[in-house]
>>> print(open('entry-v3.csv').read())   # CSV, C-alpha atoms
chain,number,residue,atom,x,y,z
P,3,ALA,CA,0.0,0.0,0.0
P,4,THR,CA,1.2,3.5,-0.8
P,5,ASN,CA,0.2,7.1,-0.9
P,6,ALA,CA,1.2,7.2,-4.6
P,7,SER,CA,-1.7,7.2,-7.1
P,8,PRO,CA,-2.1,4.3,-9.5
P,9,GLU,CA,-0.8,6.5,-12.3
P,10,GLN,CA,2.3,7.5,-10.3
P,11,VAL,CA,3.0,3.8,-9.4
P,12,ARG,CA,2.7,2.8,-13.1
P,13,HIS,CA,5.2,5.5,-14.1
P,14,ALA,CA,7.6,4.4,-11.4
P,15,PHE,CA,7.7,0.8,-12.7
P,16,ARG,CA,8.0,0.2,-16.4
P,17,ASN,CA,6.4,-3.2,-16.1
P,18,GLY,CA,3.5,-1.9,-14.0
P,19,ARG,CA,-0.1,-2.2,-15.3
P,20,ILE,CA,-3.2,-0.5,-13.9
P,21,ILE,CA,-6.2,-2.9,-13.7
P,22,GLY,CA,-9.8,-2.5,-12.5
P,23,ARG,CA,-12.3,0.3,-13.0
P,24,ARG,CA,-14.3,0.2,-9.9
P,25,PHE,CA,-11.2,-0.2,-7.7
P,26,LYS,CA,-8.0,0.7,-9.5
P,27,ILE,CA,-4.8,-1.1,-8.5
P,28,VAL,CA,-1.4,-1.7,-10.1
P,29,HIS,CA,0.1,-5.1,-10.9
P,30,VAL,CA,3.9,-4.9,-11.0
P,31,ARG,CA,5.8,-7.8,-12.4
P,32,PHE,CA,8.9,-8.8,-10.4
P,33,GLY,CA,10.5,-11.7,-12.2
P,34,ARG,CA,7.8,-14.4,-12.3
P,35,GLU,CA,5.9,-12.8,-9.5
P,36,VAL,CA,3.1,-10.2,-9.7
P,37,ILE,CA,3.1,-7.7,-6.9
P,38,GLU,CA,-0.2,-5.9,-6.2
P,39,VAL,CA,0.2,-2.3,-5.3
P,40,THR,CA,-2.8,-0.4,-3.9
P,41,THR,CA,-3.2,3.3,-3.2
P,42,TYR,CA,-4.5,4.3,0.3
P,43,ARG,CA,-8.3,4.7,0.1
P,44,GLY,CA,-9.9,7.8,1.5
P,45,ALA,CA,-13.3,8.5,3.1
P,46,PRO,CA,-16.1,8.9,0.5
P,47,ALA,CA,-17.5,12.0,2.2
P,48,LYS,CA,-14.5,14.0,0.9
P,49,THR,CA,-15.5,13.9,-2.8
P,50,HIS,CA,-18.7,11.9,-2.9
P,51,GLN,CA,-20.3,14.3,-5.5
P,52,ASP,CA,-17.8,13.3,-8.2
P,53,GLU,CA,-19.3,10.1,-9.8
P,54,ARG,CA,-16.0,9.5,-11.6
P,55,THR,CA,-14.3,8.6,-8.3
P,56,HIS,CA,-17.2,7.5,-6.1
P,57,ARG,CA,-20.5,6.1,-7.2
P,58,VAL,CA,-23.1,3.9,-5.3
P,59,GLY,CA,-25.7,1.8,-7.0
P,60,GLU,CA,-29.0,0.4,-5.8
P,61,GLY,CA,-28.7,-1.6,-2.6
P,62,GLY,CA,-25.5,0.2,-1.5
P,63,ARG,CA,-23.0,-1.5,-3.9
P,64,LEU,CA,-20.0,0.6,-4.7
P,65,LEU,CA,-19.8,1.1,-8.5
P,66,ALA,CA,-16.7,3.3,-8.4
P,67,ASP,CA,-14.4,3.6,-5.4
P,68,ASN,CA,-11.3,5.5,-6.4
P,69,ILE,CA,-11.0,8.1,-3.6
P,70,TYR,CA,-7.5,8.3,-2.3
P,71,GLY,CA,-6.5,9.3,1.3
P,72,SER,CA,-4.3,8.7,4.2
P,73,LEU,CA,-3.1,5.4,5.8
P,74,ASP,CA,-5.5,6.0,8.7
P,75,GLU,CA,-8.4,6.3,6.3
P,76,ASP,CA,-7.3,3.3,4.3
P,77,ALA,CA,-7.3,1.2,7.5
P,78,MET,CA,-10.9,2.1,8.0
P,79,ARG,CA,-11.8,1.0,4.5
P,80,ARG,CA,-10.4,-2.5,4.8
P,81,ASP,CA,-12.9,-5.3,5.0
P,82,LEU,CA,-11.3,-7.6,7.6
P,83,THR,CA,-9.3,-6.8,10.7
P,84,VAL,CA,-6.7,-9.4,9.7
P,85,ASN,CA,-6.4,-7.6,6.4
P,86,ALA,CA,-5.7,-4.2,8.0
P,87,LEU,CA,-2.1,-4.8,9.1
P,88,TYR,CA,0.6,-2.7,7.6
P,89,TYR,CA,4.4,-3.5,7.7
P,90,ASN,CA,6.7,-0.5,7.6
P,91,PRO,CA,10.1,-1.7,6.3
P,92,ALA,CA,11.8,1.6,7.3
P,93,THR,CA,11.0,1.1,11.0
P,94,ASP,CA,10.5,-2.7,10.9
P,95,GLU,CA,7.2,-2.5,12.7
P,96,VAL,CA,3.6,-3.7,12.1
P,97,LEU,CA,0.8,-1.1,12.3
P,98,ASP,CA,-2.3,-2.7,13.7
P,99,TYR,CA,-5.4,-0.5,13.6
P,100,HIS,CA,-8.1,-3.0,14.5
P,101,ASP,CA,-6.6,-5.6,16.7
P,102,GLY,CA,-5.9,-7.8,13.7
P,103,LEU,CA,-3.0,-9.5,15.4
P,104,ALA,CA,-5.1,-10.5,18.3
P,105,ASP,CA,-7.7,-11.9,15.9
P,106,ILE,CA,-5.0,-13.9,14.1
P,107,LYS,CA,-4.0,-15.5,17.4
P,108,ARG,CA,-7.6,-16.3,18.2
P,109,GLY,CA,-8.2,-17.7,14.7
P,110,LEU,CA,-11.1,-15.2,14.2
P,111,LEU,CA,-12.3,-13.4,11.0
P,112,ARG,CA,-14.0,-10.1,12.0
P,113,VAL,CA,-15.4,-7.6,9.6
P,114,ILE,CA,-14.5,-3.9,10.1
P,115,GLY,CA,-17.7,-2.0,10.6
P,116,ASP,CA,-21.3,-3.3,10.1
P,117,PRO,CA,-21.1,-6.6,8.2
P,118,VAL,CA,-24.4,-6.0,6.4
P,119,GLU,CA,-23.3,-2.5,5.2
P,120,ARG,CA,-19.9,-3.8,4.1
P,121,TYR,CA,-21.4,-6.7,2.2
P,122,ARG,CA,-23.8,-4.4,0.5
P,123,GLU,CA,-20.9,-2.2,-0.6
P,124,ASP,CA,-19.2,-5.2,-2.2
P,125,PRO,CA,-21.0,-8.6,-2.0
P,126,VAL,CA,-17.8,-10.3,-3.1
P,127,ARG,CA,-16.6,-9.7,0.5
P,128,MET,CA,-18.8,-12.6,1.5
P,129,LEU,CA,-16.8,-14.9,-0.8
P,130,ARG,CA,-13.5,-13.5,0.6
P,131,VAL,CA,-14.6,-14.2,4.1
P,132,VAL,CA,-15.4,-17.8,3.2
P,133,ARG,CA,-12.1,-18.2,1.3
P,134,PHE,CA,-10.0,-16.9,4.2
P,135,ALA,CA,-12.0,-19.0,6.7
P,136,SER,CA,-11.4,-22.1,4.6
P,137,LYS,CA,-7.8,-21.5,3.8
P,138,LEU,CA,-6.7,-20.4,7.2
P,139,GLY,CA,-9.0,-22.6,9.3
P,140,PHE,CA,-10.4,-19.5,11.1
P,141,GLU,CA,-13.8,-19.1,12.6
P,142,ILE,CA,-16.1,-16.4,11.3
P,143,GLU,CA,-17.3,-13.9,13.9
P,144,PRO,CA,-21.0,-14.5,14.6
P,145,SER,CA,-22.4,-11.2,13.3
P,146,ALA,CA,-20.3,-11.5,10.1
P,147,SER,CA,-21.5,-15.1,9.7
P,148,GLU,CA,-25.2,-14.4,10.2
P,149,ALA,CA,-25.0,-11.5,7.7
P,150,ILE,CA,-23.8,-13.9,5.0
P,151,ASP,CA,-26.6,-16.3,5.8
P,152,GLN,CA,-29.2,-13.5,5.4
P,153,HIS,CA,-27.7,-11.7,2.4
P,154,ALA,CA,-26.2,-14.3,0.2
P,155,SER,CA,-28.6,-13.2,-2.6
P,156,LEU,CA,-26.5,-9.9,-2.9
P,157,LEU,CA,-24.2,-11.9,-5.2
P,158,THR,CA,-26.8,-11.5,-7.9
P,159,ASN,CA,-25.7,-7.8,-8.1
P,160,VAL,CA,-22.1,-8.7,-8.9
P,161,PRO,CA,-21.1,-8.6,-12.6
P,162,ALA,CA,-20.8,-12.1,-14.1
P,163,ALA,CA,-17.3,-11.2,-15.5
P,164,ARG,CA,-16.0,-10.4,-12.0
P,165,LEU,CA,-17.2,-13.7,-10.5
P,166,PHE,CA,-15.1,-15.8,-12.9
P,167,ASP,CA,-11.9,-14.8,-11.2
P,168,GLU,CA,-13.4,-15.0,-7.8
P,169,VAL,CA,-14.5,-18.7,-8.4
P,170,LEU,CA,-10.9,-19.5,-9.3
P,171,LYS,CA,-9.6,-17.9,-6.1
P,172,LEU,CA,-12.1,-19.9,-4.1
P,173,PHE,CA,-11.3,-23.3,-5.6
P,174,HIS,CA,-7.6,-22.9,-6.5
P,175,SER,CA,-6.6,-21.8,-3.1
P,176,GLY,CA,-5.5,-25.3,-1.9
P,177,SER,CA,-8.6,-25.8,0.3
P,178,ALA,CA,-11.3,-26.4,-2.3
P,179,ILE,CA,-13.4,-29.0,-0.4
P,180,THR,CA,-13.7,-26.9,2.7
P,181,THR,CA,-14.5,-23.9,0.6
P,182,PHE,CA,-17.2,-25.9,-1.3
P,183,GLU,CA,-18.8,-27.0,2.0
P,184,LYS,CA,-18.9,-23.5,3.4
P,185,LEU,CA,-20.3,-22.0,0.2
P,186,ARG,CA,-23.1,-24.6,0.5
P,187,GLN,CA,-23.5,-24.0,4.2
P,188,TYR,CA,-24.0,-20.2,3.7
P,189,GLY,CA,-26.2,-20.6,0.6
P,190,LEU,CA,-23.6,-18.9,-1.6
P,191,PHE,CA,-23.0,-21.8,-4.0
P,192,GLU,CA,-26.5,-21.5,-5.6
P,193,TYR,CA,-25.7,-18.0,-6.7
P,194,LEU,CA,-22.5,-19.2,-8.4
P,195,PHE,CA,-23.7,-22.5,-9.9
P,196,PRO,CA,-27.5,-22.5,-9.8
P,197,ALA,CA,-28.0,-25.6,-12.1
P,198,THR,CA,-25.4,-27.7,-10.1
P,199,ASP,CA,-26.8,-26.5,-6.8
P,200,ASN,CA,-30.3,-27.6,-7.8
P,201,ILE,CA,-29.0,-31.1,-8.5
P,202,LEU,CA,-27.1,-31.2,-5.2
P,203,ASP,CA,-30.5,-30.7,-3.5
P,204,LYS,CA,-31.8,-33.8,-5.4
P,205,GLU,CA,-28.7,-35.9,-4.8
P,206,GLU,CA,-28.2,-39.2,-6.5
P,207,ALA,CA,-25.7,-42.0,-5.6
P,208,GLY,CA,-22.2,-41.0,-6.6
P,209,TYR,CA,-22.8,-37.3,-6.8
P,210,PRO,CA,-21.8,-35.0,-5.3
P,211,ARG,CA,-20.4,-36.8,-2.2
P,212,THR,CA,-18.2,-38.8,-4.5
P,213,PHE,CA,-17.4,-37.2,-7.8
P,214,LEU,CA,-17.2,-33.5,-6.9
P,215,PRO,CA,-15.2,-33.9,-3.6
P,216,LEU,CA,-12.9,-36.4,-5.3
P,217,ALA,CA,-12.2,-33.9,-8.1
P,218,LEU,CA,-11.7,-31.1,-5.6
P,219,THR,CA,-9.4,-33.3,-3.5
P,220,ASN,CA,-7.3,-34.0,-6.6
P,221,THR,CA,-7.2,-30.2,-7.3
P,222,ASP,CA,-6.0,-29.5,-3.8
P,223,ARG,CA,-3.3,-32.2,-4.1
P,224,ARG,CA,-2.0,-30.8,-7.4
P,225,ILE,CA,-1.7,-27.3,-5.9
P,226,GLN,CA,0.1,-28.7,-2.8
P,227,GLN,CA,2.5,-30.5,-5.1
P,228,GLY,CA,3.1,-27.4,-7.2
P,229,LYS,CA,1.5,-28.8,-10.3
P,230,PRO,CA,-0.5,-26.7,-12.7
P,231,VAL,CA,-4.3,-26.5,-12.5
P,232,ILE,CA,-6.4,-25.1,-15.3
P,233,PRO,CA,-9.7,-23.2,-15.1
P,234,SER,CA,-11.4,-25.2,-17.8
P,235,PHE,CA,-11.0,-28.5,-15.8
P,236,LEU,CA,-12.5,-26.9,-12.7
P,237,TYR,CA,-15.5,-25.5,-14.5
P,238,ALA,CA,-15.9,-28.8,-16.5
P,239,VAL,CA,-16.1,-30.6,-13.1
P,240,LEU,CA,-18.5,-28.1,-11.5
P,241,LEU,CA,-20.9,-28.2,-14.5
P,242,TRP,CA,-20.6,-31.9,-15.3
P,243,GLU,CA,-23.8,-33.1,-13.5
P,244,PRO,CA,-26.0,-30.5,-15.2
P,245,LEU,CA,-24.5,-31.6,-18.5
P,246,ARG,CA,-25.3,-35.2,-17.8
P,247,GLN,CA,-28.9,-34.4,-17.2
P,248,PHE,CA,-29.2,-32.2,-20.3
P,249,LYS,CA,-27.6,-35.0,-22.3
P,250,GLU,CA,-30.1,-37.6,-21.0
P,251,ALA,CA,-33.0,-35.3,-21.9
P,252,ALA,CA,-31.6,-34.8,-25.5
P,253,MET,CA,-31.2,-38.6,-26.0
P,254,ARG,CA,-34.8,-39.1,-24.9
P,255,GLN,CA,-35.7,-36.7,-27.7
P,256,GLY,CA,-34.0,-39.0,-30.2
P,257,LEU,CA,-30.5,-37.4,-30.6
P,258,ASN,CA,-27.5,-39.8,-30.7
P,259,GLU,CA,-25.1,-39.8,-27.8
P,260,TYR,CA,-22.4,-37.6,-29.3
P,261,ASP,CA,-24.8,-35.0,-30.6
P,262,SER,CA,-26.5,-35.1,-27.2
P,263,ILE,CA,-23.2,-34.2,-25.5
P,264,GLN,CA,-22.7,-31.3,-27.8
P,265,GLN,CA,-26.2,-30.0,-27.2
P,266,ALA,CA,-25.9,-30.5,-23.5
P,267,ALA,CA,-22.6,-28.6,-23.4
P,268,ASP,CA,-24.2,-25.7,-25.2
P,269,GLN,CA,-27.1,-25.6,-22.6
P,270,ALA,CA,-24.8,-26.0,-19.6
P,271,ILE,CA,-22.5,-23.2,-20.7
P,272,VAL,CA,-25.2,-20.8,-21.8
P,273,GLU,CA,-27.1,-21.2,-18.5
P,274,GLU,CA,-23.9,-20.7,-16.4
P,275,ILE,CA,-22.4,-17.7,-18.2
P,276,SER,CA,-25.4,-15.5,-17.2
P,277,THR,CA,-24.2,-16.0,-13.7
P,278,VAL,CA,-20.4,-16.5,-14.0
P,279,ALA,CA,-19.0,-15.2,-17.3
P,280,ILE,CA,-16.5,-18.0,-18.4
P,281,PRO,CA,-14.3,-16.7,-21.2
P,282,ARG,CA,-14.7,-18.4,-24.6
P,283,ARG,CA,-11.2,-19.8,-24.6
P,284,PHE,CA,-12.1,-21.8,-21.5
P,285,THR,CA,-15.5,-22.9,-22.6
P,286,ALA,CA,-13.9,-24.3,-25.8
P,287,GLN,CA,-11.5,-26.4,-23.6
P,288,MET,CA,-14.4,-27.5,-21.4
P,289,ARG,CA,-16.2,-28.8,-24.6
P,290,GLU,CA,-13.1,-30.7,-25.5
P,291,ILE,CA,-12.8,-32.3,-22.1
P,292,TRP,CA,-16.5,-33.3,-22.2
P,293,ALA,CA,-16.5,-34.6,-25.8
P,294,MET,CA,-13.4,-36.7,-25.1
P,295,GLN,CA,-15.4,-38.7,-22.5
P,296,TYR,CA,-17.5,-40.1,-25.4
P,297,PHE,CA,-14.5,-41.2,-27.3
P,298,PHE,CA,-12.8,-42.7,-24.2
P,299,ASP,CA,-15.8,-44.8,-23.6
P,300,GLN,CA,-16.1,-45.9,-27.2
P,301,ARG,CA,-12.4,-46.8,-27.7
P,302,ARG,CA,-12.6,-46.6,-31.4
P,303,SER,CA,-9.2,-47.5,-33.0
P,304,ARG,CA,-9.3,-44.7,-35.5
P,305,GLN,CA,-9.8,-42.1,-32.7
P,306,VAL,CA,-7.1,-43.3,-30.3
P,307,TYR,CA,-4.1,-41.5,-31.9
P,308,ARG,CA,-6.1,-38.3,-32.4
P,309,LEU,CA,-7.0,-38.3,-28.7
P,310,LEU,CA,-3.5,-39.0,-27.6
P,311,GLU,CA,-2.2,-36.1,-29.7
P,312,ASN,CA,-4.9,-33.7,-28.4
P,313,ARG,CA,-3.3,-30.9,-26.3
P,314,LYS,CA,-6.0,-31.3,-23.7
P,315,PHE,CA,-5.7,-35.1,-23.6
P,316,ARG,CA,-4.3,-35.1,-20.0
P,317,ALA,CA,-7.2,-33.0,-18.7
P,318,GLY,CA,-9.7,-35.3,-20.5
P,319,TYR,CA,-7.9,-38.4,-19.3
P,320,ASP,CA,-7.9,-37.2,-15.6
P,321,PHE,CA,-11.6,-36.4,-15.9
P,322,MET,CA,-12.2,-39.9,-17.2
P,323,LEU,CA,-10.3,-41.4,-14.3
P,324,LEU,CA,-12.6,-39.4,-11.9
P,325,ARG,CA,-15.6,-40.8,-13.7
P,326,ALA,CA,-14.3,-44.3,-13.4
P,327,SER,CA,-13.6,-43.9,-9.7
P,328,VAL,CA,-17.3,-43.3,-9.1
P,329,GLY,CA,-18.7,-45.8,-11.6
P,330,GLN,CA,-19.6,-43.4,-14.4
P,331,ALA,CA,-16.9,-45.1,-16.6
P,332,SER,CA,-15.7,-48.7,-16.4
P,333,GLN,CA,-12.4,-49.6,-14.7
P,334,ASP,CA,-11.5,-51.6,-17.8
P,335,THR,CA,-11.7,-48.4,-19.9
P,336,ALA,CA,-9.6,-46.5,-17.4
P,337,GLU,CA,-6.9,-49.2,-17.3
P,338,TRP,CA,-6.9,-49.5,-21.1
P,339,TRP,CA,-6.2,-45.8,-21.6
P,340,THR,CA,-3.6,-45.8,-18.9
P,341,ARG,CA,-1.8,-48.8,-20.4
P,342,ILE,CA,-1.8,-47.4,-24.0
P,343,GLN,CA,0.2,-44.4,-22.8
P,344,GLU,CA,2.8,-46.6,-21.2
P,345,VAL,CA,3.5,-49.3,-23.8
P,346,ASP,CA,5.8,-49.1,-26.9
P,347,GLU,CA,4.6,-48.6,-30.4
P,348,ASP,CA,4.4,-52.3,-31.3
P,349,GLU,CA,2.4,-53.1,-28.2
P,350,ARG,CA,0.2,-50.1,-28.9
P,351,ARG,CA,-0.7,-51.5,-32.4
P,352,LYS,CA,-1.6,-54.9,-30.8
P,353,MET,CA,-3.9,-53.1,-28.4
P,354,LEU,CA,-5.6,-51.3,-31.2
P,355,MET,CA,-6.0,-54.5,-33.2
P,356,SER,CA,-7.6,-56.2,-30.3
P,357,LEU,CA,-10.3,-53.7,-29.9
P,358,SER,CA,-13.6,-55.3,-30.6
P,359,GLY,CA,-14.7,-54.6,-34.2
P,360,SER,CA,-11.5,-52.7,-35.0
P,361,SER,CA,-10.5,-55.2,-37.7
P,362,LYS,CA,-14.0,-55.8,-39.0
P,363,LYS,CA,-15.2,-53.9,-42.0
P,364,ARG,CA,-18.4,-52.1,-41.8
P,365,ARG,CA,-21.3,-53.8,-43.4
P,366,ARG,CA,-22.5,-52.0,-46.4
P,367,ARG,CA,-26.2,-51.3,-46.6
P,368,LYS,CA,-27.9,-53.1,-49.4
P,369,LYS,CA,-29.5,-50.7,-51.9
P,370,LYS,CA,-33.2,-51.1,-52.2
P,371,LYS,CA,-34.3,-52.4,-55.6
P,372,SER,CA,-36.1,-49.8,-57.5
P,373,SER,CA,-39.7,-50.8,-58.2
>>> encode(input="entry-v3.csv", output="structure tokens")
Amino acid sequence: ATNASPEQVRHAFRNGRIIGRRFKIVHVRFGREVIEVTTYRGAPAKTHQDERTHRVGEGGRLLADNIYGSLDEDAMRRDLTVNALYYNPATDEVLDYHDGLADIKRGLLRVIGDPVERYREDPVRMLRVVRFASKLGFEIEPSASEAIDQHASLLTNVPAARLFDEVLKLFHSGSAITTFEKLRQYGLFEYLFPATDNILDKEEAGYPRTFLPLALTNTDRRIQQGKPVIPSFLYAVLLWEPLRQFKEAAMRQGLNEYDSIQQAADQAIVEEISTVAIPRRFTAQMREIWAMQYFFDQRRSRQVYRLLENRKFRAGYDFMLLRASVGQASQDTAEWWTRIQEVDEDERRKMLMSLSGSSKKRRRRKKKKSS
């Protein structure tokens, strides 16, 4: 945090970039790291008449919040006491304005000011509270907790584009399962993934207590091991069950399985992006992951090499292993696709030849005799 404006910070660092409109900050690249630099926020009362710097929408949500002030004012504008600690490198001291250090020792998350008012200003603060509580293992102070319970619907006021990044922060923090449980507990999940939440309320065997937690466990494990995780895989997991239901409905209408998957993918994505705006480059990857499940199950020899060479093969393969773990795909299928990656080329050819029907020619349809 600094008293320099975002423009001054950007000019001081050649590799700095101003991001955000509602709340401007500067991202400064330092090697492979990105350092977030924020300007001290001031009290709105100073310049509240200037809508370019401060604007409030219906319900109290801040639409613009670029009023700059002093360190003391900035401390009052922070959302959580544990997030209002300032380290002064010149004096080697920590400035604690709201007993944040004591709250850290107690393992308590406490909102600065009236929780309802702070959530109305920015409903994403409810997601931040849940994320910190899940990641740190902290308790949420009762008034802050009750306010989330009562005002979860405020998330409907948040732009869908902003929620995309917030979902990644929630589930790519290394504590995805705990986060998921708390989102469900506070009624927040239904405002992020309404179609999935509706199915969770009508739970069937194997979902979500098996498939979804297993997927989130694997995600946490990869993060802890320093392995990459991709947004498209996460969203493919979170929207998988709605897609399955849409696919079954399409097949009942007479579509073949592959076309049903394509139609179901369209429906699942279209319904979700009105809530969380998933960028097109990720929805394209989600479609690939889902479509691959059909080809994994079919094991057609002419498709095997094409699948193995697909850039998203590993994501699709991992997704298939999850399905096999909960009985949505056969263990034999999972083992076959695992083995074909491990064997040499000669053995791979033998495996392809042994596929049922791989060496049989398709029967030609007899032409009807013209009458």
>>> closest_residue(input="entry-v3.csv", among="P:Leu309, P:Ala104, P:Leu156, P:Ile225", to="P:Gly176", atoms="all atoms listed in the file")
P:Ile225
>>> residues_around(input="entry-v3.csv", residues="P:Glu250", least_positions_apart="2", cutoff="9 Å", atoms="only C-alpha atoms", output="list of chain:residue names")
P:Leu245, P:Arg246, P:Gln247, P:Phe248, P:Ala252, P:Met253, P:Arg254, P:Gln255, P:Glu259, P:Ser262, P:Ile263, P:Ala266
>>> atom_distance(input="entry-v3.csv", atom1="atom CA of P:Pro125", atom2="atom CA of P:Lys184")
16.0 Å
>>> closest_residue(input="entry-v3.csv", among="P:Pro281, P:Gly256, P:Gly189, P:Pro244", to="P:Gln269", atoms="all atoms listed in the file")
P:Pro244
>>> closest_residue(input="entry-v3.csv", among="P:Val345, P:Gln264, P:Lys229, P:Tyr188", to="P:Gln152", atoms="only C-alpha atoms")
P:Tyr188
>>> atom_distance(input="entry-v3.csv", atom1="atom CA of P:Glu119", atom2="atom CA of P:Arg133")
19.7 Å
>>> atom_distance(input="entry-v3.csv", atom1="atom CA of P:Ala45", atom2="atom CA of P:Ile142")
26.4 Å
>>> closest_residue(input="entry-v3.csv", among="P:Leu354, P:Ile342, P:Val132, P:Ala86", to="P:Leu172", atoms="all atoms listed in the file")
P:Val132
>>> residues_around(input="entry-v3.csv", residues="P:Ser7", least_positions_apart="2", cutoff="10 Å", atoms="all atoms listed in the file", output="VMD selection string")
chain P and resid 4 to 5 9 to 13 26 to 28 39 to 42 68 to 71
>>> residues_around(input="entry-v3.csv", residues="P:Asn85", least_positions_apart="5", cutoff="10 Å", atoms="only C-alpha atoms", output="PyMOL selection string")
chain P and resi 77+80+98+100+102-103+111-114
>>> residues_around(input="entry-v3.csv", residues="stretch 232-237 of chain P", least_positions_apart="5", cutoff="10 Å", atoms="only C-alpha atoms", output="number ranges by chain")
P: 166-167, 169-170, 173-174, 195, 214, 217-218, 221, 242, 271, 274, 280-281, 283-292, 314, 317-318, 320-321
>>> write_last_selection(input="entry-v3.csv", atoms="C-alpha atoms", output="mmCIF file, keeping the file's coordinate frame")
data_model
loop_
_atom_site.group_PDB
_atom_site.id
_atom_site.type_symbol
_atom_site.label_atom_id
_atom_site.label_comp_id
_atom_site.auth_asym_id
_atom_site.auth_seq_id
_atom_site.Cartn_x
_atom_site.Cartn_y
_atom_site.Cartn_z
ATOM 1 C CA PHE P 166 -15.100 -15.800 -12.900
ATOM 2 C CA ASP P 167 -11.900 -14.800 -11.200
ATOM 3 C CA VAL P 169 -14.500 -18.700 -8.400
ATOM 4 C CA LEU P 170 -10.900 -19.500 -9.300
ATOM 5 C CA PHE P 173 -11.300 -23.300 -5.600
ATOM 6 C CA HIS P 174 -7.600 -22.900 -6.500
ATOM 7 C CA PHE P 195 -23.700 -22.500 -9.900
ATOM 8 C CA LEU P 214 -17.200 -33.500 -6.900
ATOM 9 C CA ALA P 217 -12.200 -33.900 -8.100
ATOM 10 C CA LEU P 218 -11.700 -31.100 -5.600
ATOM 11 C CA THR P 221 -7.200 -30.200 -7.300
ATOM 12 C CA TRP P 242 -20.600 -31.900 -15.300
ATOM 13 C CA ILE P 271 -22.500 -23.200 -20.700
ATOM 14 C CA GLU P 274 -23.900 -20.700 -16.400
ATOM 15 C CA ILE P 280 -16.500 -18.000 -18.400
ATOM 16 C CA PRO P 281 -14.300 -16.700 -21.200
ATOM 17 C CA ARG P 283 -11.200 -19.800 -24.600
ATOM 18 C CA PHE P 284 -12.100 -21.800 -21.500
ATOM 19 C CA THR P 285 -15.500 -22.900 -22.600
ATOM 20 C CA ALA P 286 -13.900 -24.300 -25.800
ATOM 21 C CA GLN P 287 -11.500 -26.400 -23.600
ATOM 22 C CA MET P 288 -14.400 -27.500 -21.400
ATOM 23 C CA ARG P 289 -16.200 -28.800 -24.600
ATOM 24 C CA GLU P 290 -13.100 -30.700 -25.500
ATOM 25 C CA ILE P 291 -12.800 -32.300 -22.100
ATOM 26 C CA TRP P 292 -16.500 -33.300 -22.200
ATOM 27 C CA LYS P 314 -6.000 -31.300 -23.700
ATOM 28 C CA ALA P 317 -7.200 -33.000 -18.700
ATOM 29 C CA GLY P 318 -9.700 -35.300 -20.500
ATOM 30 C CA ASP P 320 -7.900 -37.200 -15.600
ATOM 31 C CA PHE P 321 -11.600 -36.400 -15.900
#
>>> decode(input="entry-v3.csv", residues="stretch 340-351 of chain P", atoms="C-alpha atoms", output="mmCIF file, in the first residue's frame")
data_model
loop_
_atom_site.group_PDB
_atom_site.id
_atom_site.type_symbol
_atom_site.label_atom_id
_atom_site.label_comp_id
_atom_site.auth_asym_id
_atom_site.auth_seq_id
_atom_site.Cartn_x
_atom_site.Cartn_y
_atom_site.Cartn_z
ATOM 1 C CA THR P 340 -3.602 -45.824 -18.876
ATOM 2 C CA ARG P 341 -1.786 -48.771 -20.435
ATOM 3 C CA ILE P 342 -1.800 -47.441 -24.003
ATOM 4 C CA GLN P 343 0.169 -44.412 -22.813
ATOM 5 C CA GLU P 344 2.812 -46.602 -21.199
ATOM 6 C CA VAL P 345 3.542 -49.274 -23.847
ATOM 7 C CA ASP P 346 5.840 -49.061 -26.880
ATOM 8 C CA GLU P 347 4.562 -48.601 -30.422
ATOM 9 C CA ASP P 348 4.434 -52.326 -31.265
ATOM 10 C CA GLU P 349 2.370 -53.131 -28.196
ATOM 11 C CA ARG P 350 0.158 -50.135 -28.906
ATOM 12 C CA ARG P 351 -0.654 -51.514 -32.376
#
